[in-house]
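File shown here: work.txt, holding compact mmCIF, C-alpha atoms.
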```txt
# COMPACT_ATOMS: atom_id res chain seq x y z
CA MET A 1 120.80 -1.18 244.88
CA SER A 2 122.51 1.88 243.44
CA PRO A 3 121.14 3.71 240.39
CA GLU A 4 123.05 3.39 237.14
CA LEU A 5 124.60 6.66 235.97
CA LYS A 6 125.45 7.31 232.34
CA SER A 7 127.34 10.25 230.91
CA SER A 8 129.01 11.27 227.68
CA ILE A 9 132.74 11.87 227.32
CA HIS A 10 131.84 15.32 225.95
CA GLU A 11 130.52 16.33 229.37
CA TYR A 12 134.08 16.30 230.72
CA TYR A 13 135.32 18.93 228.25
CA PRO A 14 135.23 22.59 229.36
CA TYR A 15 133.77 23.93 226.09
CA LYS A 16 130.44 23.30 224.40
CA ILE A 17 130.42 23.48 220.62
CA TYR A 18 127.25 24.64 218.91
CA PRO A 19 126.36 25.00 215.22
CA SER A 20 128.02 28.16 213.94
CA ALA A 21 127.30 30.82 211.35
CA SER A 22 128.28 30.77 207.70
CA ASN A 23 129.70 33.87 206.03
CA PHE A 24 126.12 34.81 205.13
CA GLY A 25 125.03 34.84 208.77
CA ASN A 26 122.68 31.88 208.84
CA THR A 27 123.86 28.60 210.35
CA GLY A 28 126.12 26.79 207.92
CA ILE A 29 129.66 25.94 206.93
CA LEU A 30 131.45 28.85 205.19
CA GLU A 31 129.81 29.80 201.89
CA LEU A 32 127.39 26.87 202.10
CA PRO A 33 124.38 26.30 204.36
CA ASN A 34 123.77 23.13 206.36
CA SER A 35 120.72 21.67 208.09
CA ARG A 36 121.66 22.91 211.56
CA PHE A 37 119.81 25.63 213.46
CA MET A 38 120.38 27.88 216.42
CA GLU A 39 118.52 27.09 219.62
CA GLU A 40 114.91 28.25 219.80
CA ALA A 41 114.38 31.92 220.77
CA THR A 42 117.96 32.86 219.86
CA LEU A 43 119.25 36.02 218.20
CA ARG A 44 122.73 36.19 216.63
CA PHE A 45 124.74 39.11 215.27
CA ASN A 46 127.44 38.11 212.82
CA PHE A 47 130.22 39.85 210.91
CA SER A 48 132.48 38.18 208.34
CA SER A 49 134.80 39.32 205.61
CA SER A 50 135.97 37.25 202.66
CA TYR A 51 137.22 39.45 199.83
CA PRO A 52 135.52 41.00 198.03
CA ASN A 53 132.43 40.59 200.24
CA GLU A 54 131.99 41.98 203.76
CA PHE A 55 128.86 40.66 205.50
CA THR A 56 126.99 42.09 208.48
CA SER A 57 123.92 40.10 209.48
CA LEU A 58 121.29 39.51 212.14
CA THR A 59 119.76 36.02 212.44
CA ALA A 60 116.73 35.02 214.49
CA SER A 61 115.45 31.55 215.35
CA PRO A 62 111.92 31.96 216.78
CA PHE A 63 111.27 28.21 216.46
CA PRO A 64 113.62 25.18 216.41
CA TRP A 65 112.66 24.61 212.75
CA LEU A 66 113.03 28.18 211.43
CA GLU A 67 115.86 30.66 210.88
CA THR A 68 115.52 34.09 209.31
CA THR A 69 118.44 36.36 208.44
CA TYR A 70 118.68 40.03 207.49
CA ARG A 71 122.01 40.73 205.81
CA TYR A 72 123.90 43.79 204.61
CA VAL A 73 126.84 43.31 202.23
CA GLU A 74 129.60 45.56 200.97
CA VAL A 75 131.06 44.32 197.68
CA LYS A 76 134.46 45.96 197.69
CA ASP A 77 135.52 45.27 194.10
CA GLN A 78 132.43 46.90 192.54
CA LYS A 79 131.26 50.50 192.48
CA TYR A 80 127.86 51.65 193.72
CA GLY A 81 127.23 53.35 190.39
CA PRO A 82 128.73 55.83 187.92
CA SER A 83 131.48 57.88 189.54
CA ARG A 84 129.73 61.16 188.70
CA TYR A 85 127.29 60.62 191.60
CA SER A 86 128.70 57.77 193.71
CA GLY A 87 132.40 58.63 193.64
CA ASN A 88 134.52 55.78 194.96
CA GLN A 89 131.74 54.30 197.10
CA SER A 90 131.66 50.51 196.87
CA LEU A 91 128.54 48.52 195.96
CA LYS A 92 126.09 47.87 198.79
CA ASP A 93 123.50 45.10 198.89
CA LYS A 94 120.95 43.85 201.40
CA GLY A 95 118.97 40.64 201.56
CA PHE A 96 116.59 38.54 203.61
CA ASP A 97 116.97 34.77 203.98
CA VAL A 98 114.75 31.97 205.29
CA LYS A 99 115.67 28.38 206.23
CA VAL A 100 113.07 25.79 207.27
CA LYS A 101 113.66 22.32 208.69
CA ILE A 102 111.60 19.62 206.96
CA PHE A 103 112.73 16.53 208.89
CA ASP A 104 114.56 16.09 212.18
CA GLU A 105 117.69 13.97 212.31
CA GLY A 106 117.08 10.35 213.25
CA ARG A 107 119.24 7.33 213.88
CA TYR A 108 119.66 6.68 210.17
CA MET A 109 118.02 9.71 208.55
CA PRO A 110 119.78 13.08 208.18
CA SER A 111 118.31 16.39 209.20
CA THR A 112 116.70 17.89 206.09
CA SER A 113 116.14 21.58 205.39
CA VAL A 114 115.15 23.87 202.54
CA GLY A 115 116.11 27.53 202.27
CA ILE A 116 116.08 30.66 200.15
CA ARG A 117 118.69 33.42 200.15
CA ASP A 118 118.00 36.99 199.11
CA ILE A 119 114.20 36.96 198.91
CA ALA A 120 113.03 39.99 196.91
CA GLY A 121 116.57 41.35 196.85
CA THR A 122 118.85 42.45 194.02
CA ALA A 123 119.49 38.81 193.01
CA ILE A 124 123.27 39.25 193.36
CA PHE A 125 123.36 36.49 196.00
CA SER A 126 119.99 34.85 195.33
CA SER A 127 120.07 31.10 195.91
CA GLU A 128 117.85 28.22 196.91
CA TYR A 129 118.98 24.98 198.46
CA LEU A 130 117.97 21.60 199.81
CA VAL A 131 120.48 20.24 202.34
CA PHE A 132 120.94 17.09 204.39
CA THR A 133 123.17 16.97 207.49
CA LYS A 134 124.07 13.87 209.55
CA ARG A 135 126.35 13.56 212.56
CA TYR A 136 128.79 10.66 212.95
CA GLY A 137 130.76 11.06 216.18
CA ASN A 138 132.73 14.30 215.95
CA PHE A 139 131.95 14.66 212.23
CA ASP A 140 128.99 16.58 210.83
CA LEU A 141 128.46 15.75 207.15
CA THR A 142 126.40 17.91 204.79
CA SER A 143 125.30 17.34 201.20
CA GLY A 144 122.56 18.73 199.04
CA LEU A 145 121.51 20.68 195.97
CA GLY A 146 121.92 24.37 195.24
CA TRP A 147 120.27 26.68 192.72
CA GLY A 148 120.92 30.28 191.73
CA ARG A 149 124.34 31.45 192.88
CA LEU A 150 124.84 28.14 194.70
CA GLY A 151 124.11 26.37 191.40
CA THR A 152 126.73 28.23 189.36
CA ASP A 153 129.04 25.20 189.25
CA ASP A 154 126.32 23.49 187.16
CA ASN A 155 127.60 19.98 187.91
CA ILE A 156 124.23 18.18 187.76
CA GLY A 157 120.95 18.50 185.88
CA ASN A 158 118.03 20.14 187.64
CA PRO A 159 115.87 17.24 188.91
CA LEU A 160 112.81 19.52 188.97
CA GLU A 161 112.80 19.78 185.17
CA SER A 162 110.93 16.46 185.09
CA ILE A 163 108.07 18.17 186.95
CA ASP A 164 107.80 21.33 184.84
CA ASP A 165 109.75 22.82 181.94
CA GLY A 166 109.68 26.16 183.76
CA PHE A 167 112.52 24.93 185.99
CA LYS A 168 114.91 24.70 183.01
CA THR A 169 115.78 28.40 182.83
CA ARG A 170 116.20 31.08 185.45
CA SER A 171 115.29 34.72 184.83
CA PHE A 172 116.26 37.48 187.27
CA ASP A 173 116.88 41.19 186.84
CA ILE A 174 120.15 41.40 188.74
CA GLY A 175 120.58 44.71 190.48
CA GLU A 176 116.89 45.57 190.62
CA GLY A 177 115.97 45.25 194.28
CA GLY A 178 112.58 44.63 195.79
CA SER A 179 111.27 42.26 193.12
CA PHE A 180 109.56 39.16 194.51
CA SER A 181 110.11 36.41 191.90
CA PRO A 182 108.98 32.99 193.18
CA LYS A 183 108.81 31.66 189.61
CA ALA A 184 112.60 31.82 189.43
CA TRP A 185 113.14 29.79 192.61
CA PHE A 186 114.77 26.35 192.24
CA SER A 187 115.20 26.89 188.49
CA GLY A 188 118.15 27.01 186.13
CA LYS A 189 121.64 25.72 186.84
CA THR A 190 121.92 23.18 189.66
CA SER A 191 124.90 21.96 191.67
CA LEU A 192 125.68 19.18 194.09
CA LEU A 193 127.23 20.73 197.19
CA GLY A 194 128.83 19.28 200.27
CA GLY A 195 130.99 19.86 203.30
CA ILE A 196 132.44 18.39 206.49
CA GLU A 197 132.69 19.87 209.98
CA TYR A 198 134.80 18.38 212.75
CA ASP A 199 134.39 19.31 216.42
CA LEU A 200 137.52 19.53 218.58
CA TYR A 201 135.83 19.38 221.98
CA LYS A 202 139.07 19.57 223.91
CA TYR A 203 139.81 23.02 222.50
CA GLY A 204 136.30 24.26 221.73
CA LEU A 205 137.06 24.54 218.02
CA LYS A 206 135.18 23.58 214.87
CA LEU A 207 137.09 22.76 211.67
CA LYS A 208 135.24 23.21 208.37
CA LEU A 209 135.82 22.04 204.80
CA GLU A 210 133.43 22.56 201.89
CA TYR A 211 133.13 22.31 198.12
CA ASP A 212 132.10 25.82 197.03
CA THR A 213 129.66 25.76 194.10
CA SER A 214 129.16 29.56 193.89
CA ARG A 215 132.14 30.10 191.52
CA PRO A 216 133.13 33.60 192.76
CA GLU A 217 135.41 34.16 189.75
CA ILE A 218 132.23 34.04 187.61
CA THR A 219 129.61 35.60 189.87
CA ASN A 220 131.75 38.65 190.78
CA SER A 221 132.37 41.30 188.16
CA ALA A 222 136.07 41.63 188.93
CA SER A 223 138.36 38.86 187.72
CA LEU A 224 139.13 36.83 190.83
CA LYS A 225 141.68 34.05 190.59
CA THR A 226 140.55 31.03 192.60
CA LYS A 227 142.98 28.16 192.94
CA SER A 228 140.53 25.64 194.37
CA ARG A 229 136.82 24.90 194.67
CA PHE A 230 137.43 23.96 198.31
CA ASN A 231 137.21 26.30 201.29
```
Please lay out the structure from this file as structure tokens.
Amino acid sequence: MSPELKSSIHEYYPYKIYPSASNFGNTGILELPNSRFMEEATLRFNFSSSYPNEFTSLTASPFPWLETTYRYVEVKDQKYGPSRYSGNQSLKDKGFDVKVKIFDEGRYMPSTSVGIRDIAGTAIFSSEYLVFTKRYGNFDLTSGLGWGRLGTDDNIGNPLESIDDGFKTRSFDIGEGGSFSPKAWFSGKTSLLGGIEYDLYKYGLKLKLEYDTSRPEITNSASLKTKSRFN
């Protein structure tokens, strides 16, 4: 009697495809996060540039349910301050992010995570999110809710308003770094967000498509012309 051997078709491909970084450094799609994480005890350095923002970040995953990211951003279409002391130097910003997994992915249930961008930062990129990610074959589907910058599209009412009226409005002193403002988290404008990732195992590539709710033509001071909400 010979033992039965089982293998996946993916084991025959030369490349392994892992969850990849978003522009912000933490695991995600492009501008949006997802509910995927790096492997436990992993450290990742990431650099990305999408005008006008240039991101340099360091992400750590000490546990399979936790990711933390330290990020440094150069905003190339804004000045650091009045020209009399900053000259032509572009605006610089730094932030710290946390993403925590709430539920693991099951046969029918998606992986569920909650996260905060730019904790105690300048609030330029501050966001909170609740995301769900489920794999179907080569497809990885993500949907969820975003607040703060991720809620700028304002395409749905904030479901947390039914819990407390304090979630109706969001108050932040943009540009004043170092302020820890938990009362502002998950408040104000809210957006449905979503994206799709497709793994091409034969070539070791990952294709990404997302609906960007951050509205860069609004959240950046310079007038950016965006032709589509999709990245």
Considering all atoms listed in the file, state which residue in the set A:Glu197, A:Asp118, A:Asp153, A:Glu31 is at the smallest distance from Leu141 of chain A.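 Closest to Leu141 of chain A, using all atoms listed in the file: A:Glu197.
What separates atom CA of Trp65 of chain A from atom CA of Asp199 of chain A is a distance of 22.7 Å.
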Name all residues at most 7 Å from segment 47-54 of chain A (count all atoms listed in the file; drop same-chain ones fewer than 6 positions away) and give them as a PDB file with C-alpha atoms, in the coordinates of the input.
```pdb
ATOM      1  CA  ASN A  23     129.700  33.870 206.030  1.00  0.00           C
ATOM      2  CA  VAL A  73     126.840  43.310 202.230  1.00  0.00           C
ATOM      3  CA  GLU A  74     129.600  45.560 200.970  1.00  0.00           C
ATOM      4  CA  VAL A  75     131.060  44.320 197.680  1.00  0.00           C
ATOM      5  CA  LYS A  76     134.460  45.960 197.690  1.00  0.00           C
ATOM      6  CA  ASP A  77     135.520  45.270 194.100  1.00  0.00           C
TER       7      ASP A  77
END
```
Which residue gives the smallest distance to Ser8 of chain A among A:Gly137, A:Ala21, A:Tyr72, A:Pro62, with all atoms listed in the file counted? A:Gly137
What gap, in Å, lies between atom CA of Asp97 of chain A and atom CA of Ser191 of chain A? 19.5 Å
For atom CA of Pro64 of chain A and atom CA of Phe37 of chain A, determine how far apart the two atoms are, in Å to one decimal place. 6.9 Å
Nearest to Glu128 of chain A: which of A:Lys189, A:Lys168, A:Lys225, A:Arg44 is it, counting only C-alpha atoms?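 For Glu128 of chain A, the nearest of the given residues is A:Lys189.
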Nearest residue to Ser127 of chain A out of A:Leu150, A:Val114, A:Ala184, A:Leu66, using only C-alpha atoms? A:Leu150
Axis-aligned box for segment 30-34 of chain A, 6 Å per side, centre and edges in Å as JSON:
```
{"center_x": 127.6, "center_y": 26.5, "center_z": 204.1, "size_x": 19.7, "size_y": 18.7, "size_z": 16.5}
```
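For the choices A:Trp185, A:Phe139, A:Phe45, A:Tyr108, the atom-to-atom distance to Thr27 of chain A is smallest for A:Phe45 when using only C-alpha atoms.
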Could you give me, as JSON lines, a per-residue list for segment 3-97 of chain A showing, wherever an atom lies at most 8 Å from an atom of segment 129-135 of chain A, the closest pair of atoms and their distance in Å to one decimal, using all atoms listed in the file and sorting by chain then residue number from low to high?
```
{"residue": "A:Pro33", "atom": "CA", "partner": "A:Val131", "partner_atom": "CA", "distance": 7.5}
{"residue": "A:Asn34", "atom": "CA", "partner": "A:Val131", "partner_atom": "CA", "distance": 5.9}
{"residue": "A:Ser35", "atom": "CA", "partner": "A:Thr133", "partner_atom": "CA", "distance": 5.3}
{"residue": "A:Arg36", "atom": "CA", "partner": "A:Thr133", "partner_atom": "CA", "distance": 7.4}
```
Residues within 7 Å of (122.2, 50.9, 194.5), file coordinates, counting only C-alpha atoms: what are they? Give the list as an mmCIF file with C-alpha atoms, in the coordinates of the input.
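What landed in point-v2.cif:
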```cif
data_model
loop_
_atom_site.group_PDB
_atom_site.id
_atom_site.type_symbol
_atom_site.label_atom_id
_atom_site.label_comp_id
_atom_site.auth_asym_id
_atom_site.auth_seq_id
_atom_site.Cartn_x
_atom_site.Cartn_y
_atom_site.Cartn_z
ATOM 1 C CA TYR A 80 127.860 51.650 193.720
ATOM 2 C CA GLY A 81 127.230 53.350 190.390
ATOM 3 C CA LEU A 91 128.540 48.520 195.960
ATOM 4 C CA LYS A 92 126.090 47.870 198.790
#
```
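Residues lying within 6 Å of Asn46 of chain A, counting only C-alpha atoms and ignoring same-chain neighbours fewer than 3 positions away, are A:Gly25, A:Thr56, A:Ser57.
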If we count all atoms listed in the file and set the cut-off at 6 Å, which residues sit around Leu193 of chain A, ignoring sequence neighbours fewer than 4 positions away in its own chain? Please answer as a ChimeraX atom specification. /A:143-145
Select, from A:Ser214, A:Ser171, A:Ser181, A:Thr42, the residue with the minimum atom-to-atom distance to Thr152 of chain A, counting all atoms listed in the file.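 Comparing A:Ser214, A:Ser171, A:Ser181, A:Thr42 against Thr152 of chain A, the winner is A:Ser214.
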